[in-house]
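Worksheet: the structure to be examined is printed underneath.
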Amino acid sequence: MQSVVPSPEGLAWAQRLVRLDTVSEHSNLELIETIADHLRTLGVPLRLTRDESGRKANLFATLGAPRPGGVILSGHTDTVPWDGQVWSEDPLSGSVHDGRLWGRGSADMKGFIGLVVARTRAWLEADLPLPLHYAFSYDEEVGCFGVRHLIADLKDAGIAPAACIVGEPTQMLPALAHKGVHRWRCCVKGRAAHSSLAPRAVNAIEAAARLVTVVADMGERWRREGPFQHGFDVPHSTAAVGVIAGGIADNIVPADCRFNYEFRELPGTDAQAMQAEVRAAAAALEPAMQAVDPATGFAFEPICSIPAFSADADEPAVRLARRLAGGGETTLVAFGTEAGLFQSAGISTVVCGPGSIAQAHQADEYVTLEQLARCEAFLDGLRRPAAAC
């Protein structure tokens with residue numbers, strides 16, 4: 001049986017983008033300008049919105065006659081780093097072998113973006129039934145920061161697309177929901193002393209540990225008691241502490257400690273109520289600390305907040321994605337995306353793209369050529385009148 005592969009142009013664009021280093025802590029401008037130059041050559045109008053440093057940019061472009069509605073094809077341009085991972089080849093190689101495109105971002109999500117860009121000329125030559133919009137963002141991996149500026153710019157410009165397809169890796173199954181992701185940093189201020197005088201001090205690490213236990217107990221409670229939403233691989237909300245640091249020496253009671261934690265909440269649950277529970281636990285710990293030193297206590301800093309996403313099966317974006325995918329099967333995904341932000345802006349949204357999240361963020365990340373070919377066929381369907389929504 002002949003293998004299914006993407007077009008040479010589609011694969012070449014995917015390789016080209018994988019070979020550009022767009023780790024979130026670096027600039028994405030080389031990638032954005034590479035795409036922008038191609039679109040300008042084809043006469044496609046576009047808008048760039050930059051971060052405060054000017055080192056990063058979103059790109060928004062529209063194909064087709066200017067009119068209301070249309071479909072956004074959304075992808076983030078940044079990737080996670082590969083420090084400390086053991087790769088069998090260069091993470092920026094973009095090599096193709098064994099029926100796979102390899103490299104950082106191949107699945108998450110430069111394969112999708114490359115296929116979209118490669119279709120531009122064909123779409124321009126077609127009688128599109130609706131406008132197509134490209135929305136390529138920065139800093140999704142660290143909190144979906146870039147797309148917020150892109151969405152605000154669209155609102156200011158009076159651009160109101162009707163639907164959005166976020167091309168995150170779902171193995172080309174339309175995903176109707178994902179959890180929200182909300183992260184905070186807790187900074188604990190104690191009072192230092194020689195460790196032989198521990199009762200006269202306030203141990204910031206010990207105070208932090210008590211609050212870490214509260215976060216862990218919350219996650220355990222949700223595991224036992226729910227609420228539950230079946231269809232997710234983990235069908236309940238979760239809590240996790242990811243980073244902790246404090247102390248300077250074994251014989252000094254530590255004056256400072258900090259830790260980062262997150263909640264991934266099911267659609268319909270309240271992340272702010274979760275955070276209020278942590279704050280209440282911290283407030284209950286402070287009187288004993290402040291009896292030793294009134295300056296001690298807890299402080300909280302928000303890191304990021306990515307809203308949960310949930311779409312109805314009969315929404316325009318979902319109906320469109322199911323038609324394009326050629327079947328009725330849908331899925332739910334645990335990972336966060338920009339979908340909730342587009343949905344919050346009043347745009348019907350679905351998540352559907354090539355590859356598997358199991359390969360994303362891993363050493364030797366890859367997307368299969370078969371998945372890229374399926375995505376290309378999905379995108380090609382946007383030329384047909386039935387794609388109008």
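Note on naming: chains are A, B, ... as they come in the structure tokens, residues start from 1 per chain, ligands start from 1 in the order shown.
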
Please list as a list in words every residue within 7 Å of Pro354 in chain A, counting only C-alpha atoms and excluding residues in the same chain fewer than 5 positions away.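 The residues that qualify are Ala107, Phe112, Pro169, Thr170, Gln171, Met172, Gln371, Leu372 and Cys375 of chain A.
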
Export, as a compact mmCIF listing (two decimals), in the first residue's frame, the selected residues with all heavy atoms.
```
# COMPACT_ATOMS: atom_id res chain seq x y z
N ALA A 107 5.52 18.76 15.98
CA ALA A 107 4.14 18.47 16.35
C ALA A 107 3.47 19.68 16.99
O ALA A 107 2.27 19.91 16.78
CB ALA A 107 4.09 17.27 17.30
N PHE A 112 1.60 22.28 11.54
CA PHE A 112 0.33 22.88 11.15
C PHE A 112 0.55 24.23 10.48
O PHE A 112 0.00 24.51 9.41
CB PHE A 112 -0.56 23.03 12.38
CG PHE A 112 -1.85 23.76 12.12
CD1 PHE A 112 -2.92 23.12 11.54
CD2 PHE A 112 -1.99 25.11 12.46
CE1 PHE A 112 -4.11 23.79 11.29
CE2 PHE A 112 -3.16 25.79 12.22
CZ PHE A 112 -4.24 25.12 11.63
N PRO A 169 -1.85 19.73 18.35
CA PRO A 169 -1.85 18.30 17.97
C PRO A 169 -2.95 17.49 18.65
O PRO A 169 -2.90 17.21 19.85
CB PRO A 169 -0.46 17.82 18.40
CG PRO A 169 -0.01 18.79 19.44
CD PRO A 169 -0.62 20.11 19.07
N THR A 170 -3.97 17.11 17.88
CA THR A 170 -5.08 16.29 18.37
C THR A 170 -5.25 15.04 17.53
O THR A 170 -6.29 14.40 17.58
CB THR A 170 -6.40 17.08 18.34
OG1 THR A 170 -6.74 17.37 16.97
CG2 THR A 170 -6.31 18.37 19.13
N GLN A 171 -4.24 14.70 16.72
CA GLN A 171 -4.32 13.58 15.77
C GLN A 171 -5.48 13.76 14.80
O GLN A 171 -6.11 12.81 14.39
CB GLN A 171 -4.40 12.24 16.52
CG GLN A 171 -3.18 12.01 17.40
CD GLN A 171 -3.15 10.63 18.02
OE1 GLN A 171 -2.66 9.69 17.41
NE2 GLN A 171 -3.69 10.50 19.22
N MET A 172 -5.75 15.03 14.47
CA MET A 172 -6.77 15.43 13.50
C MET A 172 -8.18 15.04 13.94
O MET A 172 -9.08 14.91 13.11
CB MET A 172 -6.47 14.89 12.10
CG MET A 172 -5.21 15.48 11.47
SD MET A 172 -5.13 17.32 11.55
CE MET A 172 -6.61 17.81 10.69
N GLN A 371 0.01 12.12 9.33
CA GLN A 371 -0.78 13.15 10.01
C GLN A 371 -0.72 14.47 9.26
O GLN A 371 -1.73 15.17 9.13
CB GLN A 371 -0.28 13.33 11.44
CG GLN A 371 -0.79 12.28 12.42
CD GLN A 371 -2.23 12.55 12.83
OE1 GLN A 371 -2.54 13.60 13.37
NE2 GLN A 371 -3.11 11.59 12.55
N LEU A 372 0.44 14.82 8.74
CA LEU A 372 0.55 16.04 7.96
C LEU A 372 -0.31 15.96 6.70
O LEU A 372 -0.96 16.94 6.31
CB LEU A 372 2.01 16.31 7.59
CG LEU A 372 2.95 16.67 8.75
CD1 LEU A 372 4.38 16.84 8.24
CD2 LEU A 372 2.50 17.92 9.48
N CYS A 375 -3.89 16.48 7.62
CA CYS A 375 -4.13 17.90 7.89
C CYS A 375 -4.23 18.68 6.59
O CYS A 375 -5.08 19.57 6.44
CB CYS A 375 -3.02 18.46 8.77
SG CYS A 375 -3.25 20.20 9.22
```

Write out as a PyMOL selection string all residues of range 28-85 of chain A that DSSP puts in helix (DSSP H, G or I) for this structure's backbone. chain A and resi 29-41

Nearby residues (only C-alpha atoms) at most 12 Å from Ser137 in chain A, same-chain spacing under 3 positions excluded, as a VMD selection string: chain A and resid 22 24 27 to 29 31 to 32 47 to 51 56 to 61 73 to 79 109 to 110 113 134 140 to 151 166 337 to 338

So, with only C-alpha atoms as the atoms that count, which of A:Asp293, A:Val253, A:Ala283, A:Glu125 lies closest to Leu197 in chain A?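 Nearest candidate to Leu197 in chain A out of A:Asp293, A:Val253, A:Ala283, A:Glu125: A:Val253.
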
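Closest approach to Asp139 in chain A among A:Glu25, A:Gly226, A:Ala295, A:Ala65 is made by A:Glu25 (distances from only C-alpha atoms).
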
Which residues come within 10 Å of Gln275 in chain A, counting only C-alpha atoms, excluding same-chain residues fewer than 2 positions away, as an MDAnalysis selection string? chainID A and resid 182:184 215 262:263 270:273 277:281 300

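Those residues that approach Gly114 in chain A to within 10 Å, counting only C-alpha atoms, are Glu9, Gly10, Leu11, Ala12, Trp13, Ala14, Gln15, Arg16, Leu17, Val18, Ile35, Gly75, Ser106, Met109, Lys110, Gly111, Phe112, Val116, Val117, Ala118, Arg119 and Leu372 of chain A; same-chain residues fewer than 2 positions away are not listed.
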
Next, the residues of the selection above should be written as a PDB file, in the first residue's frame with N, CA, C and O atoms.
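Generated file (selection-v2.pdb):
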```
ATOM      1  N   GLU A   9       5.595  20.976  -1.174  1.00  0.00           N
ATOM      2  CA  GLU A   9       5.613  22.350  -0.689  1.00  0.00           C
ATOM      3  C   GLU A   9       5.212  22.427   0.775  1.00  0.00           C
ATOM      4  O   GLU A   9       5.828  23.150   1.566  1.00  0.00           O
ATOM      5  N   GLY A  10       4.174  21.665   1.148  1.00  0.00           N
ATOM      6  CA  GLY A  10       3.738  21.671   2.541  1.00  0.00           C
ATOM      7  C   GLY A  10       4.813  21.162   3.471  1.00  0.00           C
ATOM      8  O   GLY A  10       5.081  21.749   4.533  1.00  0.00           O
ATOM      9  N   LEU A  11       5.460  20.057   3.085  1.00  0.00           N
ATOM     10  CA  LEU A  11       6.522  19.499   3.915  1.00  0.00           C
ATOM     11  C   LEU A  11       7.711  20.443   3.982  1.00  0.00           C
ATOM     12  O   LEU A  11       8.317  20.621   5.052  1.00  0.00           O
ATOM     13  N   ALA A  12       8.045  21.084   2.862  1.00  0.00           N
ATOM     14  CA  ALA A  12       9.187  22.003   2.856  1.00  0.00           C
ATOM     15  C   ALA A  12       8.947  23.176   3.795  1.00  0.00           C
ATOM     16  O   ALA A  12       9.865  23.613   4.504  1.00  0.00           O
ATOM     17  N   TRP A  13       7.715  23.710   3.811  1.00  0.00           N
ATOM     18  CA  TRP A  13       7.435  24.816   4.719  1.00  0.00           C
ATOM     19  C   TRP A  13       7.492  24.360   6.181  1.00  0.00           C
ATOM     20  O   TRP A  13       8.006  25.083   7.043  1.00  0.00           O
ATOM     21  N   ALA A  14       6.980  23.181   6.458  1.00  0.00           N
ATOM     22  CA  ALA A  14       7.054  22.678   7.828  1.00  0.00           C
ATOM     23  C   ALA A  14       8.504  22.513   8.260  1.00  0.00           C
ATOM     24  O   ALA A  14       8.890  22.900   9.378  1.00  0.00           O
ATOM     25  N   GLN A  15       9.349  21.960   7.388  1.00  0.00           N
ATOM     26  CA  GLN A  15      10.771  21.813   7.703  1.00  0.00           C
ATOM     27  C   GLN A  15      11.422  23.177   7.921  1.00  0.00           C
ATOM     28  O   GLN A  15      12.225  23.356   8.841  1.00  0.00           O
ATOM     29  N   ARG A  16      11.086  24.117   7.060  1.00  0.00           N
ATOM     30  CA  ARG A  16      11.695  25.452   7.143  1.00  0.00           C
ATOM     31  C   ARG A  16      11.418  26.088   8.499  1.00  0.00           C
ATOM     32  O   ARG A  16      12.303  26.696   9.113  1.00  0.00           O
ATOM     33  N   LEU A  17      10.208  25.944   8.993  1.00  0.00           N
ATOM     34  CA  LEU A  17       9.852  26.561  10.265  1.00  0.00           C
ATOM     35  C   LEU A  17      10.482  25.820  11.439  1.00  0.00           C
ATOM     36  O   LEU A  17      10.910  26.451  12.422  1.00  0.00           O
ATOM     37  N   VAL A  18      10.546  24.495  11.370  1.00  0.00           N
ATOM     38  CA  VAL A  18      11.182  23.727  12.443  1.00  0.00           C
ATOM     39  C   VAL A  18      12.640  24.126  12.603  1.00  0.00           C
ATOM     40  O   VAL A  18      13.182  24.147  13.721  1.00  0.00           O
ATOM     41  N   ILE A  35       7.458  34.246   7.162  1.00  0.00           N
ATOM     42  CA  ILE A  35       6.081  34.082   6.700  1.00  0.00           C
ATOM     43  C   ILE A  35       5.560  35.382   6.096  1.00  0.00           C
ATOM     44  O   ILE A  35       4.918  35.380   5.040  1.00  0.00           O
ATOM     45  N   GLY A  75      -2.171  29.331  15.216  1.00  0.00           N
ATOM     46  CA  GLY A  75      -1.045  28.544  15.695  1.00  0.00           C
ATOM     47  C   GLY A  75      -0.058  29.406  16.450  1.00  0.00           C
ATOM     48  O   GLY A  75       0.085  30.592  16.149  1.00  0.00           O
ATOM     49  N   SER A 106       7.861  20.281  15.666  1.00  0.00           N
ATOM     50  CA  SER A 106       7.278  19.595  14.505  1.00  0.00           C
ATOM     51  C   SER A 106       5.816  19.235  14.761  1.00  0.00           C
ATOM     52  O   SER A 106       4.957  19.413  13.889  1.00  0.00           O
ATOM     53  N   MET A 109       3.892  23.625  17.220  1.00  0.00           N
ATOM     54  CA  MET A 109       2.900  23.232  16.234  1.00  0.00           C
ATOM     55  C   MET A 109       3.251  23.815  14.864  1.00  0.00           C
ATOM     56  O   MET A 109       2.430  24.369  14.160  1.00  0.00           O
ATOM     57  N   LYS A 110       4.552  23.677  14.518  1.00  0.00           N
ATOM     58  CA  LYS A 110       5.039  24.247  13.262  1.00  0.00           C
ATOM     59  C   LYS A 110       4.623  23.428  12.049  1.00  0.00           C
ATOM     60  O   LYS A 110       4.580  23.956  10.927  1.00  0.00           O
ATOM     61  N   GLY A 111       4.327  22.141  12.258  1.00  0.00           N
ATOM     62  CA  GLY A 111       3.807  21.350  11.150  1.00  0.00           C
ATOM     63  C   GLY A 111       2.515  21.950  10.626  1.00  0.00           C
ATOM     64  O   GLY A 111       2.343  22.154   9.419  1.00  0.00           O
ATOM     65  N   PHE A 112       1.603  22.275  11.537  1.00  0.00           N
ATOM     66  CA  PHE A 112       0.332  22.878  11.153  1.00  0.00           C
ATOM     67  C   PHE A 112       0.548  24.233  10.482  1.00  0.00           C
ATOM     68  O   PHE A 112      -0.004  24.508   9.411  1.00  0.00           O
ATOM     69  N   VAL A 116      -0.393  25.454   6.566  1.00  0.00           N
ATOM     70  CA  VAL A 116      -1.272  26.586   6.295  1.00  0.00           C
ATOM     71  C   VAL A 116      -0.593  27.565   5.339  1.00  0.00           C
ATOM     72  O   VAL A 116      -1.180  27.989   4.330  1.00  0.00           O
ATOM     73  N   VAL A 117       0.631  27.942   5.656  1.00  0.00           N
ATOM     74  CA  VAL A 117       1.343  28.905   4.811  1.00  0.00           C
ATOM     75  C   VAL A 117       1.517  28.350   3.397  1.00  0.00           C
ATOM     76  O   VAL A 117       1.371  29.075   2.403  1.00  0.00           O
ATOM     77  N   ALA A 118       1.806  27.056   3.288  1.00  0.00           N
ATOM     78  CA  ALA A 118       2.012  26.442   1.981  1.00  0.00           C
ATOM     79  C   ALA A 118       0.753  26.465   1.122  1.00  0.00           C
ATOM     80  O   ALA A 118       0.839  26.439  -0.110  1.00  0.00           O
ATOM     81  N   ARG A 119      -0.432  26.504   1.738  1.00  0.00           N
ATOM     82  CA  ARG A 119      -1.686  26.499   0.977  1.00  0.00           C
ATOM     83  C   ARG A 119      -2.059  27.893   0.474  1.00  0.00           C
ATOM     84  O   ARG A 119      -3.033  28.040  -0.275  1.00  0.00           O
ATOM     85  N   LEU A 372       0.442  14.818   8.736  1.00  0.00           N
ATOM     86  CA  LEU A 372       0.552  16.043   7.956  1.00  0.00           C
ATOM     87  C   LEU A 372      -0.306  15.962   6.702  1.00  0.00           C
ATOM     88  O   LEU A 372      -0.962  16.941   6.309  1.00  0.00           O
TER      89      LEU A 372
END
```

Could you check how far CA of Phe335 in chain A sits from CA of Arg264 in chain A, in Å to one decimal?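 Value for the CA of Phe335 in chain A-CA of Arg264 in chain A distance: 8.8 Å.
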
Select, from A:Ser93, A:Ser356, A:Ser310, A:Gln290, the residue with the minimum atom-to-atom distance to Pro267 in chain A, counting only C-alpha atoms.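 Closest to Pro267 in chain A of all the choices is A:Ser310.
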
Determine which residues of range 133-382 of chain A DSSP labels as strand (DSSP E or B) from the backbone of this structure, then write them out as a PyMOL selection string. chain A and resi 133-137+163-166+175-178+180-189+191+193-194+202+228+230+232+236+238-246+252-253+256-265+297-306+309-310+331-333+348-351+366-368

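Comparing the minimum interatomic distances between Pro129 in chain A and each of A:Ala345, A:Val71, A:Ala245, A:Ala177, counting only C-alpha atoms, we find that A:Val71 sits nearest.
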
For Cys304 in chain A, the closest of A:Ala321, A:Gly180, A:Glu370, A:Trp82 counting only C-alpha atoms is A:Gly180

Quote the spacing between CA of Ala162 in chain A and CA of Gly355 in chain A in Å to one decimal place. 25.7 Å

So which residues touch Leu382 in chain A within 9 Å, counting only C-alpha atoms, skipping near sequence neighbours fewer than 6 positions away, as a list in words?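 The residues that qualify are Trp123, Leu128, Pro129, Leu130, Leu132, Leu324 and Ala388 of chain A.
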
List as a list in words the protein and nucleic acid residues near range 205-214 of chain A, meaning an atom at most 8 Å away when only C-alpha atoms are counted, but skip any in the same chain fewer than 3 places from it.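 Listed by chain and then number, they are Val188, Asp217, Met218, Val241, Gly246, Gly247, Pro254, Asp256, Cys257, Arg258, Phe259, Val278, Ala281, Ala282 and Leu285 of chain A.
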
Output for the residues just chosen: all heavy atoms as an mmCIF file, in the first residue's frame:
```cif
data_model
loop_
_atom_site.group_PDB
_atom_site.id
_atom_site.type_symbol
_atom_site.label_atom_id
_atom_site.label_comp_id
_atom_site.auth_asym_id
_atom_site.auth_seq_id
_atom_site.Cartn_x
_atom_site.Cartn_y
_atom_site.Cartn_z
ATOM 1 N N VAL A 188 7.351 33.350 50.556
ATOM 2 C CA VAL A 188 7.226 33.263 52.007
ATOM 3 C C VAL A 188 8.374 34.033 52.652
ATOM 4 O O VAL A 188 9.543 33.769 52.364
ATOM 5 C CB VAL A 188 7.250 31.798 52.477
ATOM 6 C CG1 VAL A 188 6.954 31.728 53.982
ATOM 7 C CG2 VAL A 188 6.254 30.957 51.688
ATOM 8 N N ASP A 217 -3.088 18.373 49.090
ATOM 9 C CA ASP A 217 -4.329 17.803 49.627
ATOM 10 C C ASP A 217 -5.539 18.195 48.775
ATOM 11 O O ASP A 217 -6.482 17.403 48.617
ATOM 12 C CB ASP A 217 -4.534 18.264 51.069
ATOM 13 C CG ASP A 217 -3.579 17.587 52.048
ATOM 14 O OD1 ASP A 217 -2.937 16.596 51.657
ATOM 15 O OD2 ASP A 217 -3.470 18.077 53.194
ATOM 16 N N MET A 218 -5.520 19.399 48.217
ATOM 17 C CA MET A 218 -6.610 19.803 47.338
ATOM 18 C C MET A 218 -6.668 18.896 46.109
ATOM 19 O O MET A 218 -7.742 18.419 45.711
ATOM 20 C CB MET A 218 -6.430 21.260 46.918
ATOM 21 C CG MET A 218 -6.619 22.254 48.049
ATOM 22 S SD MET A 218 -6.092 23.941 47.630
ATOM 23 C CE MET A 218 -7.297 24.368 46.368
ATOM 24 N N VAL A 241 2.700 21.357 42.441
ATOM 25 C CA VAL A 241 3.783 22.299 42.736
ATOM 26 C C VAL A 241 4.937 21.957 41.808
ATOM 27 O O VAL A 241 5.374 20.808 41.752
ATOM 28 C CB VAL A 241 4.220 22.217 44.205
ATOM 29 C CG1 VAL A 241 5.424 23.111 44.466
ATOM 30 C CG2 VAL A 241 3.060 22.597 45.116
ATOM 31 N N GLY A 246 14.691 27.883 48.399
ATOM 32 C CA GLY A 246 14.814 28.641 49.630
ATOM 33 C C GLY A 246 16.011 28.201 50.435
ATOM 34 O O GLY A 246 16.549 27.110 50.247
ATOM 35 N N GLY A 247 16.425 29.065 51.356
ATOM 36 C CA GLY A 247 17.539 28.740 52.247
ATOM 37 C C GLY A 247 18.887 29.025 51.631
ATOM 38 O O GLY A 247 19.035 29.051 50.403
ATOM 39 N N PRO A 254 16.037 29.537 57.422
ATOM 40 C CA PRO A 254 15.855 30.320 56.197
ATOM 41 C C PRO A 254 14.825 31.427 56.362
ATOM 42 O O PRO A 254 13.739 31.233 56.914
ATOM 43 C CB PRO A 254 15.393 29.289 55.177
ATOM 44 C CG PRO A 254 14.795 28.193 55.984
ATOM 45 C CD PRO A 254 15.586 28.140 57.256
ATOM 46 N N ASP A 256 13.705 33.121 53.620
ATOM 47 C CA ASP A 256 12.918 33.230 52.391
ATOM 48 C C ASP A 256 12.716 31.867 51.755
ATOM 49 O O ASP A 256 13.591 30.995 51.810
ATOM 50 C CB ASP A 256 13.614 34.152 51.379
ATOM 51 C CG ASP A 256 13.740 35.572 51.882
ATOM 52 O OD1 ASP A 256 12.719 36.270 51.911
ATOM 53 O OD2 ASP A 256 14.868 35.962 52.262
ATOM 54 N N CYS A 257 11.561 31.713 51.141
ATOM 55 C CA CYS A 257 11.269 30.541 50.325
ATOM 56 C C CYS A 257 10.209 30.944 49.310
ATOM 57 O O CYS A 257 9.378 31.824 49.570
ATOM 58 C CB CYS A 257 10.757 29.381 51.188
ATOM 59 S SG CYS A 257 10.509 27.838 50.257
ATOM 60 N N ARG A 258 10.255 30.328 48.172
ATOM 61 C CA ARG A 258 9.222 30.587 47.168
ATOM 62 C C ARG A 258 8.920 29.288 46.433
ATOM 63 O O ARG A 258 9.788 28.428 46.278
ATOM 64 C CB ARG A 258 9.666 31.669 46.179
ATOM 65 C CG ARG A 258 10.868 31.301 45.347
ATOM 66 C CD ARG A 258 11.349 32.455 44.482
ATOM 67 N NE ARG A 258 12.477 32.075 43.660
ATOM 68 C CZ ARG A 258 13.743 32.028 44.056
ATOM 69 N NH1 ARG A 258 14.040 32.331 45.318
ATOM 70 N NH2 ARG A 258 14.702 31.667 43.231
ATOM 71 N N PHE A 259 7.697 29.169 46.005
ATOM 72 C CA PHE A 259 7.327 28.011 45.204
ATOM 73 C C PHE A 259 6.247 28.402 44.206
ATOM 74 O O PHE A 259 5.463 29.321 44.439
ATOM 75 C CB PHE A 259 6.884 26.831 46.075
ATOM 76 C CG PHE A 259 5.640 27.052 46.890
ATOM 77 C CD1 PHE A 259 4.390 26.660 46.408
ATOM 78 C CD2 PHE A 259 5.709 27.632 48.151
ATOM 79 C CE1 PHE A 259 3.242 26.856 47.159
ATOM 80 C CE2 PHE A 259 4.563 27.828 48.913
ATOM 81 C CZ PHE A 259 3.320 27.435 48.413
ATOM 82 N N VAL A 278 -6.301 28.430 48.993
ATOM 83 C CA VAL A 278 -4.883 28.484 49.356
ATOM 84 C C VAL A 278 -4.602 29.735 50.188
ATOM 85 O O VAL A 278 -3.894 29.687 51.203
ATOM 86 C CB VAL A 278 -4.002 28.464 48.084
ATOM 87 C CG1 VAL A 278 -2.526 28.591 48.454
ATOM 88 C CG2 VAL A 278 -4.240 27.196 47.291
ATOM 89 N N ALA A 281 -5.742 29.269 53.723
ATOM 90 C CA ALA A 281 -4.827 28.420 54.488
ATOM 91 C C ALA A 281 -3.589 29.203 54.895
ATOM 92 O O ALA A 281 -3.079 29.053 56.018
ATOM 93 C CB ALA A 281 -4.442 27.195 53.665
ATOM 94 N N ALA A 282 -3.085 30.057 53.999
ATOM 95 C CA ALA A 282 -1.929 30.874 54.329
ATOM 96 C C ALA A 282 -2.260 31.855 55.448
ATOM 97 O O ALA A 282 -1.463 32.047 56.388
ATOM 98 C CB ALA A 282 -1.457 31.637 53.086
ATOM 99 N N LEU A 285 -2.037 30.343 58.803
ATOM 100 C CA LEU A 285 -0.678 30.067 59.279
ATOM 101 C C LEU A 285 0.041 31.324 59.776
ATOM 102 O O LEU A 285 0.978 31.237 60.581
ATOM 103 C CB LEU A 285 0.148 29.429 58.155
ATOM 104 C CG LEU A 285 -0.243 28.017 57.706
ATOM 105 C CD1 LEU A 285 0.494 27.642 56.433
ATOM 106 C CD2 LEU A 285 0.046 27.000 58.809
#
```
